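Chemist: Here you go, data26.txt (compact mmCIF, C-alpha atoms):
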# COMPACT_ATOMS: atom_id res chain seq x y z
CA LYS A 1 44.13 22.60 -41.13
CA MET A 2 46.64 21.11 -43.56
CA PRO A 3 48.96 18.46 -42.13
CA ASP A 4 52.61 19.37 -41.59
CA PHE A 5 54.38 16.89 -43.88
CA ASN A 6 57.31 16.74 -41.49
CA GLN A 7 55.02 15.30 -38.77
CA LEU A 8 53.51 12.51 -40.89
CA SER A 9 54.53 8.86 -40.82
CA THR A 10 56.14 7.15 -43.79
CA PRO A 11 52.92 5.20 -44.68
CA GLN A 12 50.95 8.47 -44.60
CA LEU A 13 53.47 10.16 -46.85
CA GLN A 14 53.46 7.17 -49.22
CA GLN A 15 49.68 7.40 -49.62
CA ILE A 16 49.83 11.16 -50.25
CA LYS A 17 52.57 10.50 -52.80
CA VAL A 18 50.38 8.02 -54.68
CA ASP A 19 47.50 10.49 -54.82
CA LEU A 20 49.78 13.29 -55.96
CA PHE A 21 51.27 11.18 -58.73
CA ASP A 22 47.77 10.48 -60.01
CA ARG A 23 47.16 14.23 -60.24
CA TYR A 24 50.59 14.82 -61.78
CA ASN A 25 50.10 12.18 -64.47
CA GLU A 26 46.61 13.45 -65.27
CA ILE A 27 47.95 16.94 -65.98
CA LYS A 28 50.93 15.49 -67.87
CA SER A 29 48.57 13.47 -70.06
CA ARG A 30 46.96 16.66 -71.35
CA GLY A 31 50.10 17.45 -73.37
CA ILE A 32 50.24 21.04 -72.19
CA ALA A 33 53.06 23.42 -73.09
CA LEU A 34 53.10 26.40 -70.72
CA ASP A 35 55.97 28.85 -70.31
CA ILE A 36 56.07 31.02 -67.18
CA THR A 37 59.78 31.76 -67.28
CA ARG A 38 59.76 35.51 -67.99
CA GLY A 39 57.65 38.49 -67.01
CA LYS A 40 56.25 39.29 -70.44
CA PRO A 41 53.14 41.44 -70.85
CA CYS A 42 50.24 39.48 -72.30
CA PRO A 43 48.51 40.52 -75.57
CA GLU A 44 45.65 42.13 -73.63
CA GLN A 45 48.15 44.40 -71.89
CA LEU A 46 49.82 45.33 -75.17
CA ASP A 47 46.41 46.15 -76.63
CA LEU A 48 46.03 48.90 -74.02
CA SER A 49 48.62 50.94 -75.91
CA ILE A 50 47.47 50.17 -79.45
CA GLU A 51 46.54 53.83 -80.03
CA MET A 52 50.26 54.60 -79.98
CA LEU A 53 50.61 52.96 -83.40
CA TYR A 54 48.76 55.81 -85.09
CA ILE A 55 48.83 58.71 -82.63
CA ILE A 56 51.81 60.29 -84.43
CA ASN A 57 51.31 60.97 -88.13
CA SER A 58 52.14 63.37 -90.96
CA ARG A 59 50.47 66.25 -89.14
CA ASN A 60 52.06 66.14 -85.68
CA TYR A 61 55.70 65.07 -85.80
CA LEU A 62 56.98 68.34 -84.30
CA THR A 63 57.74 68.94 -80.62
CA ALA A 64 56.18 71.86 -78.75
CA ASP A 65 59.21 73.97 -79.66
CA ALA A 66 59.00 72.92 -83.34
CA VAL A 67 61.82 70.36 -83.40
CA ASP A 68 61.31 67.90 -86.27
CA CYS A 69 61.34 64.44 -84.62
CA ARG A 70 62.07 62.80 -87.97
CA ASN A 71 65.58 64.24 -88.04
CA TYR A 72 68.86 63.90 -86.16
CA GLY A 73 69.60 65.38 -82.73
CA GLY A 74 68.22 65.46 -79.23
CA LEU A 75 70.90 63.31 -77.63
CA ASP A 76 69.24 63.21 -74.20
CA GLY A 77 65.59 63.23 -75.32
CA ILE A 78 62.98 65.75 -76.39
CA PRO A 79 61.94 68.28 -73.71
CA GLU A 80 58.35 67.04 -73.35
CA THR A 81 59.43 63.47 -72.67
CA LYS A 82 62.16 64.57 -70.27
CA GLU A 83 59.60 66.61 -68.34
CA LEU A 84 57.13 63.71 -68.14
CA PHE A 85 59.57 61.00 -67.09
CA ALA A 86 61.48 63.29 -64.74
CA GLN A 87 58.23 63.46 -62.77
CA TYR A 88 57.87 59.68 -63.15
CA LEU A 89 61.32 59.09 -61.58
CA GLU A 90 61.02 62.04 -59.16
CA VAL A 91 63.98 64.00 -60.54
CA THR A 92 64.34 67.24 -62.52
CA PRO A 93 64.57 67.40 -66.34
CA GLU A 94 68.25 68.29 -65.99
CA GLU A 95 68.79 65.02 -64.11
CA ILE A 96 67.38 62.62 -66.72
CA ILE A 97 68.33 61.21 -70.12
CA ILE A 98 65.66 59.61 -72.33
CA GLY A 99 67.07 57.02 -74.70
CA GLY A 100 65.85 54.14 -76.80
CA ASN A 101 63.68 51.22 -75.79
CA SER A 102 65.71 49.17 -73.27
CA SER A 103 66.80 50.14 -69.77
CA LEU A 104 68.93 46.99 -69.70
CA ASN A 105 70.81 48.44 -72.68
CA MET A 106 71.32 51.65 -70.70
CA MET A 107 72.61 49.74 -67.68
CA HIS A 108 75.00 47.74 -69.83
CA ASP A 109 76.28 50.93 -71.46
CA ALA A 110 76.78 52.55 -68.05
CA PHE A 111 78.93 49.58 -67.07
CA MET A 112 80.88 49.72 -70.32
CA ARG A 113 81.60 53.43 -69.86
CA ALA A 114 82.82 52.73 -66.32
CA MET A 115 85.00 49.85 -67.54
CA VAL A 116 86.57 51.81 -70.40
CA LYS A 117 86.61 55.43 -69.24
CA GLY A 118 85.88 55.42 -65.52
CA ILE A 119 82.95 56.64 -63.45
CA THR A 120 84.36 60.17 -63.06
CA GLU A 121 86.89 62.26 -64.98
CA ASP A 122 89.58 61.59 -62.35
CA SER A 123 88.86 57.95 -61.41
CA PRO A 124 90.56 55.01 -63.16
CA PRO A 125 88.60 52.87 -65.60
CA TRP A 126 87.23 49.82 -63.83
CA GLY A 127 88.61 47.63 -66.60
CA LYS A 128 92.18 48.57 -65.64
CA LEU A 129 91.77 47.61 -61.99
CA PRO A 130 92.96 44.22 -60.66
CA GLN A 131 89.44 43.30 -59.61
CA VAL A 132 85.99 44.90 -59.73
CA LYS A 133 83.28 43.54 -57.43
CA PHE A 134 79.55 44.18 -57.30
CA LEU A 135 77.05 43.45 -54.57
CA CYS A 136 74.08 41.40 -55.70
CA PRO A 137 71.08 41.22 -53.33
CA SER A 138 69.59 37.78 -53.93
CA PRO A 139 67.21 36.40 -54.97
CA GLY A 140 67.55 39.05 -57.65
CA TYR A 141 67.27 39.81 -61.36
CA ASP A 142 69.19 37.36 -63.53
CA ARG A 143 69.91 39.82 -66.35
CA HIS A 144 71.69 42.16 -63.92
CA PHE A 145 73.93 39.29 -62.95
CA PHE A 146 74.55 38.35 -66.59
CA ILE A 147 76.02 41.82 -67.24
CA CYS A 148 78.52 41.38 -64.41
CA ASP A 149 79.38 37.85 -65.46
CA HIS A 150 79.90 38.93 -69.07
CA LEU A 151 82.29 41.69 -67.99
CA ASP A 152 84.20 39.49 -65.51
CA ILE A 153 82.99 41.53 -62.55
CA GLU A 154 83.05 39.45 -59.39
CA MET A 155 79.59 39.15 -57.85
CA ILE A 156 79.09 39.02 -54.10
CA THR A 157 75.76 37.64 -52.93
CA VAL A 158 73.97 39.71 -50.28
CA ASN A 159 70.89 38.42 -48.49
CA MET A 160 67.57 39.99 -49.44
CA ASN A 161 65.34 40.68 -46.43
CA ASP A 162 61.70 41.77 -46.24
CA THR A 163 62.76 45.43 -46.33
CA GLY A 164 65.56 45.22 -48.89
CA PRO A 165 69.20 44.09 -48.87
CA ASP A 166 70.78 43.07 -45.58
CA MET A 167 72.37 46.43 -44.83
CA ASP A 168 74.68 45.11 -42.13
CA GLN A 169 76.26 42.92 -44.80
CA VAL A 170 76.30 45.72 -47.36
CA GLU A 171 77.86 48.30 -45.04
CA ALA A 172 80.58 45.89 -43.89
CA LEU A 173 81.52 44.96 -47.46
CA VAL A 174 81.66 48.50 -48.88
CA ALA A 175 83.60 49.86 -45.90
CA ASP A 176 86.41 47.31 -46.09
CA ASP A 177 87.02 46.60 -49.78
CA GLU A 178 87.87 49.28 -52.35
CA GLY A 179 87.24 46.70 -55.08
CA VAL A 180 83.52 46.82 -54.34
CA LYS A 181 82.33 49.38 -56.87
CA GLY A 182 78.56 49.14 -56.63
CA ILE A 183 75.33 47.36 -55.85
CA TRP A 184 72.35 46.25 -57.92
CA CYS A 185 68.94 47.34 -56.60
CA VAL A 186 65.37 46.77 -57.78
CA PRO A 187 63.81 48.88 -55.05
CA ARG A 188 60.08 48.63 -55.63
CA TYR A 189 58.42 45.22 -56.16
CA SER A 190 61.84 43.65 -56.46
CA ASN A 191 62.39 40.88 -59.00
CA PRO A 192 61.52 38.20 -57.93
CA THR A 193 60.53 38.69 -54.28
CA GLY A 194 58.27 41.73 -54.61
CA VAL A 195 60.13 43.45 -51.75
CA VAL A 196 59.87 47.24 -51.44
CA TYR A 197 62.90 48.92 -49.88
CA SER A 198 62.17 50.57 -46.54
CA ASP A 199 63.07 54.18 -45.77
CA GLU A 200 65.83 52.94 -43.49
CA VAL A 201 67.42 50.85 -46.25
CA VAL A 202 67.31 53.79 -48.69
CA GLU A 203 68.84 56.08 -46.08
CA ARG A 204 71.61 53.63 -45.19
CA LEU A 205 72.47 53.05 -48.87
CA ALA A 206 72.72 56.79 -49.40
CA ALA A 207 74.78 57.56 -46.31
CA MET A 208 77.05 54.51 -45.85
CA LYS A 209 80.81 54.94 -45.84
CA THR A 210 82.51 53.34 -48.83
CA LYS A 211 86.19 52.45 -49.19
CA THR A 212 86.18 53.66 -52.80
CA ASN A 213 85.11 57.10 -54.00
CA ASP A 214 83.56 55.86 -57.26
CA PHE A 215 80.97 53.52 -55.73
CA ARG A 216 77.63 53.52 -57.56
CA ILE A 217 74.15 52.27 -56.75
CA PHE A 218 72.50 50.89 -59.91
CA TRP A 219 68.89 51.66 -58.98
CA ASP A 220 66.67 49.79 -61.46
CA ASN A 221 63.23 51.21 -60.72
CA ALA A 222 61.68 48.85 -63.26
CA TYR A 223 58.32 48.53 -61.51
CA ALA A 224 57.87 52.12 -60.34
CA VAL A 225 54.12 52.24 -61.14
CA HIS A 226 53.36 48.55 -61.51
CA HIS A 227 50.93 48.25 -58.60
CA LEU A 228 48.40 45.44 -58.25
CA ASP A 229 46.04 47.29 -55.93
CA ASP A 230 44.89 50.83 -55.21
CA LYS A 231 47.36 51.30 -52.34
CA PRO A 232 50.74 51.81 -54.03
CA ALA A 233 53.78 50.95 -51.97
CA ARG A 234 55.72 54.09 -51.16
CA LEU A 235 59.43 54.32 -51.96
CA LYS A 236 61.73 57.02 -50.60
CA ASN A 237 63.43 59.19 -53.22
CA ILE A 238 66.94 57.81 -53.56
CA LEU A 239 68.51 60.78 -55.36
CA ALA A 240 67.15 63.30 -52.85
CA THR A 241 68.34 61.06 -50.01
CA CYS A 242 71.84 60.78 -51.52
CA LYS A 243 71.99 64.56 -51.82
CA GLN A 244 70.95 64.98 -48.19
CA ALA A 245 73.64 62.50 -47.15
CA GLY A 246 76.31 64.43 -49.03
CA ASN A 247 76.68 61.78 -51.77
CA PRO A 248 74.77 63.29 -54.72
CA GLU A 249 76.74 61.33 -57.34
CA ARG A 250 76.26 57.93 -55.70
CA VAL A 251 73.20 56.70 -57.62
CA PHE A 252 72.32 55.90 -61.23
CA ILE A 253 68.55 55.48 -61.63
CA PHE A 254 67.07 53.49 -64.51
CA GLY A 255 63.56 52.90 -65.78
CA SER A 256 61.57 52.17 -68.91
CA THR A 257 58.07 51.80 -70.27
CA SER A 258 58.74 48.23 -71.45
CA LYS A 259 55.99 46.87 -69.20
CA ILE A 260 53.83 49.98 -69.57
CA THR A 261 53.41 50.37 -73.33
CA PHE A 262 55.07 48.02 -75.84
CA ALA A 263 57.76 45.73 -74.45
CA GLY A 264 59.90 46.02 -77.59
CA SER A 265 59.11 49.64 -78.39
CA GLY A 266 59.01 51.58 -75.14
CA VAL A 267 61.33 54.33 -74.00
CA ASP A 268 64.17 53.92 -71.53
CA MET A 269 65.57 56.45 -69.11
CA MET A 270 68.58 57.07 -66.91
CA ALA A 271 68.66 59.62 -64.10
CA GLY A 272 71.10 60.92 -61.54
CA SER A 273 72.78 64.10 -60.44
CA ALA A 274 73.22 66.86 -63.01
CA GLU A 275 76.97 66.23 -62.88
CA ASN A 276 76.54 62.50 -63.55
CA MET A 277 74.16 63.15 -66.43
CA ALA A 278 76.48 65.76 -67.96
CA MET A 279 79.35 63.26 -68.01
CA THR A 280 77.07 60.54 -69.37
CA LYS A 281 75.88 62.78 -72.22
CA LYS A 282 79.46 63.73 -73.01
CA GLN A 283 80.38 60.04 -73.40
CA MET A 284 77.17 59.17 -75.26
CA ALA A 285 77.96 61.77 -77.90
CA PHE A 286 80.57 59.39 -79.36
CA GLN A 287 78.03 56.57 -79.52
CA THR A 288 74.89 58.05 -81.07
CA ILE A 289 73.50 61.16 -82.71
CA GLY A 290 70.22 60.69 -80.89
CA PRO A 291 67.41 58.31 -79.98
CA ASP A 292 64.06 57.62 -81.65
CA LYS A 293 62.37 60.97 -81.06
CA LEU A 294 59.20 59.93 -82.86
CA ASN A 295 58.72 57.18 -80.29
CA GLN A 296 59.36 59.64 -77.47
CA LEU A 297 56.78 62.03 -78.93
CA ARG A 298 54.40 59.11 -79.32
CA HIS A 299 54.67 58.33 -75.59
CA VAL A 300 54.18 61.86 -74.32
CA THR A 301 51.27 62.43 -76.72
CA PHE A 302 49.64 59.22 -75.54
CA PHE A 303 50.06 59.76 -71.78
CA LYS A 304 50.02 63.59 -71.61
CA ASN A 305 51.07 63.57 -67.93
CA VAL A 306 51.91 61.33 -64.97
CA ALA A 307 48.20 60.97 -64.15
CA GLY A 308 47.79 59.48 -67.62
CA ILE A 309 50.48 56.89 -66.82
CA GLU A 310 48.80 56.07 -63.50
CA ASP A 311 45.38 55.63 -65.13
CA HIS A 312 46.93 53.42 -67.78
CA MET A 313 48.58 51.23 -65.14
CA LYS A 314 45.26 50.69 -63.38
CA LYS A 315 44.10 48.98 -66.58
CA HIS A 316 47.20 46.78 -66.44
CA ALA A 317 46.39 45.91 -62.83
CA ASP A 318 42.86 44.88 -63.81
CA ILE A 319 44.38 42.30 -66.16
CA LEU A 320 47.21 41.13 -63.91
CA LYS A 321 45.58 41.01 -60.50
CA PRO A 322 43.35 37.96 -61.22
CA LYS A 323 46.42 36.05 -62.42
CA PHE A 324 48.37 36.84 -59.26
CA GLU A 325 45.34 35.92 -57.16
CA ALA A 326 45.13 32.60 -59.01
CA VAL A 327 48.75 31.89 -58.08
CA GLN A 328 48.08 32.66 -54.42
CA ASN A 329 44.87 30.60 -54.36
CA ALA A 330 46.57 27.56 -55.87
CA LEU A 331 49.57 27.77 -53.54
CA ASP A 332 47.35 28.32 -50.49
CA LYS A 333 45.12 25.40 -51.43
CA ASP A 334 47.90 22.88 -51.98
CA LEU A 335 50.81 24.06 -49.82
CA ALA A 336 49.60 26.13 -46.87
CA GLY A 337 50.30 24.53 -43.51
CA LYS A 338 52.44 21.70 -44.88
CA ASN A 339 55.74 23.33 -43.84
CA ILE A 340 57.44 22.57 -47.14
CA ALA A 341 57.38 25.97 -48.92
CA GLU A 342 57.05 29.70 -48.43
CA TRP A 343 56.13 32.26 -51.06
CA SER A 344 55.83 35.99 -51.58
CA ARG A 345 52.54 37.90 -51.74
CA PRO A 346 53.59 40.90 -53.86
CA ARG A 347 51.59 44.09 -54.06
CA GLY A 348 53.03 44.88 -57.47
CA GLY A 349 55.60 43.93 -60.06
CA TYR A 350 55.67 40.84 -62.22
CA PHE A 351 56.76 37.88 -60.11
CA VAL A 352 56.00 35.53 -57.25
CA SER A 353 58.98 34.02 -55.45
CA ILE A 354 58.70 30.52 -53.96
CA ASP A 355 61.20 29.03 -51.51
CA THR A 356 61.02 25.25 -51.29
CA MET A 357 62.74 23.06 -48.72
CA GLU A 358 66.51 23.19 -49.09
CA GLY A 359 67.80 21.13 -51.99
CA CYS A 360 64.48 20.83 -53.82
CA ALA A 361 64.14 23.67 -56.35
CA ALA A 362 66.06 22.13 -59.26
CA ALA A 363 64.14 18.87 -58.95
CA VAL A 364 60.82 20.73 -58.89
CA VAL A 365 61.72 22.71 -62.02
CA GLN A 366 62.78 19.52 -63.82
CA MET A 367 59.64 17.64 -62.80
CA ALA A 368 57.37 20.50 -63.90
CA ALA A 369 59.15 20.67 -67.26
CA GLU A 370 58.57 16.96 -67.85
CA ALA A 371 54.84 17.59 -67.45
CA GLY A 372 54.80 20.59 -69.81
CA VAL A 373 55.34 23.63 -67.56
CA LYS A 374 58.55 25.53 -68.19
CA LEU A 375 59.88 27.50 -65.21
CA THR A 376 62.89 29.80 -64.91
CA PRO A 377 65.88 27.49 -64.31
CA ALA A 378 66.66 26.95 -60.64
CA GLY A 379 69.51 29.16 -59.52
CA SER A 380 68.75 31.92 -62.03
CA THR A 381 67.91 34.42 -59.31
CA PHE A 382 71.43 34.18 -57.86
CA PRO A 383 74.88 35.17 -59.17
CA TYR A 384 76.56 32.57 -61.37
CA LEU A 385 73.21 30.69 -61.52
CA ARG A 386 74.03 29.13 -58.16
CA ASP A 387 71.38 29.17 -55.45
CA PRO A 388 73.42 28.16 -52.38
CA PHE A 389 70.41 26.39 -50.87
CA ASP A 390 68.71 25.21 -54.11
CA ARG A 391 65.32 26.42 -52.98
CA ASN A 392 64.22 29.53 -54.92
CA ILE A 393 61.76 29.33 -57.81
CA ARG A 394 60.55 32.40 -59.74
CA ILE A 395 57.00 32.40 -61.07
CA ALA A 396 56.04 34.82 -63.86
CA PRO A 397 52.23 34.74 -64.24
CA SER A 398 51.68 37.72 -66.55
CA PHE A 399 51.72 36.22 -70.05
CA PRO A 400 49.57 33.05 -70.12
CA PRO A 401 45.75 33.18 -69.99
CA LEU A 402 44.20 32.89 -66.52
CA GLU A 403 43.08 29.27 -66.90
CA GLU A 404 46.58 28.23 -67.99
CA ILE A 405 48.10 29.96 -64.96
CA GLU A 406 45.77 28.00 -62.68
CA THR A 407 46.84 24.71 -64.28
CA ALA A 408 50.54 25.64 -64.21
CA ILE A 409 50.55 26.57 -60.52
CA GLN A 410 48.56 23.48 -59.57
CA LEU A 411 51.26 21.42 -61.27
CA VAL A 412 54.07 23.36 -59.58
CA ALA A 413 52.44 22.82 -56.19
CA ILE A 414 52.10 19.09 -56.90
CA CYS A 415 55.78 18.89 -57.87
CA ILE A 416 56.84 20.75 -54.73
CA GLN A 417 54.91 18.26 -52.61
CA LEU A 418 56.30 15.21 -54.39
CA VAL A 419 59.91 16.41 -54.21
CA SER A 420 59.46 17.42 -50.57
CA ILE A 421 58.06 14.01 -49.64
CA GLU A 422 61.09 12.33 -51.21
CA LYS A 423 63.39 14.59 -49.19
CA ILE A 424 61.53 14.07 -45.91
CA MET A 425 61.51 10.30 -46.37
CA THR A 426 65.27 10.23 -46.83
CA MET A 427 66.08 12.51 -43.89
Could you show the structure in this file as structure tokens?

Modeler:
Amino acid sequence: KMPDFNQLSTPQLQQIKVDLFDRYNEIKSRGIALDITRGKPCPEQLDLSIEMLYIINSRNYLTADAVDCRNYGGLDGIPETKELFAQYLEVTPEEIIIGGNSSLNMMHDAFMRAMVKGITEDSPPWGKLPQVKFLCPSPGYDRHFFICDHLDIEMITVNMNDTGPDMDQVEALVADDEGVKGIWCVPRYSNPTGVVYSDEVVERLAAMKTKTNDFRIFWDNAYAVHHLDDKPARLKNILATCKQAGNPERVFIFGSTSKITFAGSGVDMMAGSAENMAMTKKQMAFQTIGPDKLNQLRHVTFFKNVAGIEDHMKKHADILKPKFEAVQNALDKDLAGKNIAEWSRPRGGYFVSIDTMEGCAAAVVQMAAEAGVKLTPAGSTFPYLRDPFDRNIRIAPSFPPLEEIETAIQLVAICIQLVSIEKIMTM
């Protein structure tokens, strides 16, 4: 059994510190340069979709109903792709829009439409209100928070529990403040904690009483099929639940194939009630004549059906699972039982979340960087880049080769121990 660092004497901690510095300096002397800041697919994952580069050619650029994908039109996507990804997001083809290659772009545009024109025909533009606030379950996805920060939308941190956002907090905030216009959600394999929202959380989000009538859930189902094992975590259908609760317009659902096919050349999608999608299409008509239909045809030709997507993702899991296991093995070996850190054990997604002792995360990130391992900056998983307890670190193990992941996590674990010892010795 590993010793609890908090129970050790100062001389014992000093000796452990010496040994750890030897290990730290040995890794530092290798001159490594490893970057595990972002959840990028590795080249082996991208190779899985290489057939897409030549699957559409001069003989098959027409849709099933003979639309020429080389030309203008198709504002909300070609029918085949709408059918496929409607099943993927568990909506109907009338409830989905297929766009370009970036769901983040779609989310940003949804915000801009709300700021300039309003969420509904009869609600005021958010940009003309004295204050717009958004709930941000944290730790969460930094790029969501960047959108709010860029648009001067006040972010309110909400605690993230093992089953999703703290719904007592959420319900109290939305019931009392008409300035609270929405909430960010990554409901399955949440970034970075790997949390999957429980049925109860989905039901409470759908049914809760809000002070404002244009409240929206931004439901970023980024990791809908990104499972690491053969027992996918189940997620309750948010749109169906909102309809049952009498709030069919409450949710905007987003997704993409960025971590399924090519990260820079996937397809993005937005879904919601037929009424929401009709208004969105009406506003989009001033922005674009249509998306890249050849790329949409490429995707549906490649996958054929949802089973094709699922089979493809099993190949991704075969590549990713050993890397996630390497992270767990390294953390277990060096940190388990020492009472200085806790970490997630995700069943899918792209990240592992580590919580250090309070006040240690920034120092760990800095120390790792000095030895050649670049981590996401401390605080990034919270609004305004401010982790109130300075303890969360996001690990993204997908891109580097397996042996580099093992080295990087060993170093991170060493840094966590060294920073923790310093803190314990000064307490």

Chemist: So which one's closest to Ile56 (chain A), A:Val352, A:Lys323, A:Gln296, A:Asp168? Using all atoms listed in the file, please.

Modeler: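 Under the stated criterion, the closest residue is A:Gln296.
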
Chemist: Rank nothing, just name the residue among A:Asn339, A:Thr280, A:Gln169, A:Thr120 nearest to Leu135 (chain A), using only C-alpha atoms.

Modeler: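 Answer, going by the shortest atom-to-atom distance: A:Gln169.
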
Chemist: Write out as a list in words the residues lying within 6 Å of region 347-350 of chain A, counting all atoms listed in the file and excluding same-chain residues fewer than 4 positions away.

Modeler: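 Contacts, with the query itself left out: Gly39, Tyr189, Tyr223, His226, His227 and Leu228 of chain A.
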
Chemist: Please report, as JSON lines, each residue of region 53-154 of chain A lying at most 6 Å from region 259-268 of chain A, together with the nearest pair of atoms and the separation in Å rounded to one decimal; use all atoms listed in the file, and order rows by chain and ascending residue number.

Modeler:
{"residue": "A:Ile98", "atom": "CA", "partner": "A:Asp268", "partner_atom": "CA", "distance": 5.9}
{"residue": "A:Gly99", "atom": "CA", "partner": "A:Asp268", "partner_atom": "CA", "distance": 5.3}
{"residue": "A:Gly100", "atom": "CA", "partner": "A:Val267", "partner_atom": "CA", "distance": 5.3}
{"residue": "A:Asn101", "atom": "CA", "partner": "A:Val267", "partner_atom": "CA", "distance": 4.3}
{"residue": "A:Ser102", "atom": "CA", "partner": "A:Asp268", "partner_atom": "CA", "distance": 5.3}
{"residue": "A:Ser103", "atom": "CA", "partner": "A:Asp268", "partner_atom": "CA", "distance": 4.9}

Chemist: How would the residues just chosen look if you wrote them out with C-alpha atoms as an mmCIF file, in the coordinates of the input?

Modeler:
data_model
loop_
_atom_site.group_PDB
_atom_site.id
_atom_site.type_symbol
_atom_site.label_atom_id
_atom_site.label_comp_id
_atom_site.auth_asym_id
_atom_site.auth_seq_id
_atom_site.Cartn_x
_atom_site.Cartn_y
_atom_site.Cartn_z
ATOM 1 C CA ILE A 98 65.660 59.610 -72.330
ATOM 2 C CA GLY A 99 67.070 57.020 -74.700
ATOM 3 C CA GLY A 100 65.850 54.140 -76.800
ATOM 4 C CA ASN A 101 63.680 51.220 -75.790
ATOM 5 C CA SER A 102 65.710 49.170 -73.270
ATOM 6 C CA SER A 103 66.800 50.140 -69.770
#

Chemist: Hey, can you pull every residue with an atom no more than 9 Å from (46.7, 51.9, -62.8), using all atoms listed in the file, and send it as a count of residues only?

Modeler: 16

Chemist: Out of A:Gly73, A:Pro232, A:Pro125, A:Pro187, which residue has the shortest atom-to-atom distance to Gly255 (chain A) when counting only C-alpha atoms?

Modeler: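 Comparing A:Gly73, A:Pro232, A:Pro125, A:Pro187 against Gly255 (chain A), the winner is A:Pro187.
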
Chemist: Restricting the calculation to only C-alpha atoms, which member of A:Asp220, A:Glu154, A:Glu80, A:Glu275 is positioned closest to Asn305 (chain A)?

Modeler: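 Result for the nearest residue to Asn305 (chain A): A:Glu80.
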
Chemist: Give the answer as one residue: which of A:Phe389, A:Tyr54, A:Tyr72, A:Tyr24 has the shortest atom-to-atom distance to Lys293 (chain A), using all atoms listed in the file?

Modeler: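 Nearest candidate to Lys293 (chain A) out of A:Phe389, A:Tyr54, A:Tyr72, A:Tyr24: A:Tyr72.
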
Chemist: Rank nothing, just name the residue among A:Pro346, A:Gly77, A:Pro401, A:Pro383 nearest to His150 (chain A), using all atoms listed in the file.

Modeler: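 Distance minimum relative to His150 (chain A) lands on A:Pro383.
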
Chemist: Give me the residues within 9 Å of Cys42 (chain A) as a PyMOL selection string, counting all atoms listed in the file and dropping any in the same chain fewer than 2 places off.

Modeler: chain A and resi 40+44-47+319+398-401

Chemist: In Å, with one decimal, what is the gap from CA of Gln14 (chain A) to CA of Lys423 (chain A)?

Modeler: 12.4 Å

Chemist: Could you check how far CA of Arg250 (chain A) sits from CA of Phe218 (chain A), in Å to one decimal?

Modeler: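 Atom-to-atom, CA of Arg250 (chain A) and CA of Phe218 (chain A) are spaced 9.0 Å apart.
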
Chemist: Have a look at CA of Thr356 (chain A) and CA of Asn392 (chain A) and let me know their distance in Å, one decimal.

Modeler: 6.5 Å

Chemist: Find the residues near region 106-115 of chain A: any atom within 7 Å, counting all atoms listed in the file, skip ones fewer than 2 places away on the same chain, and give them as a PyMOL selection string.

Modeler: chain A and resi 102-104+117-119+125-127+147
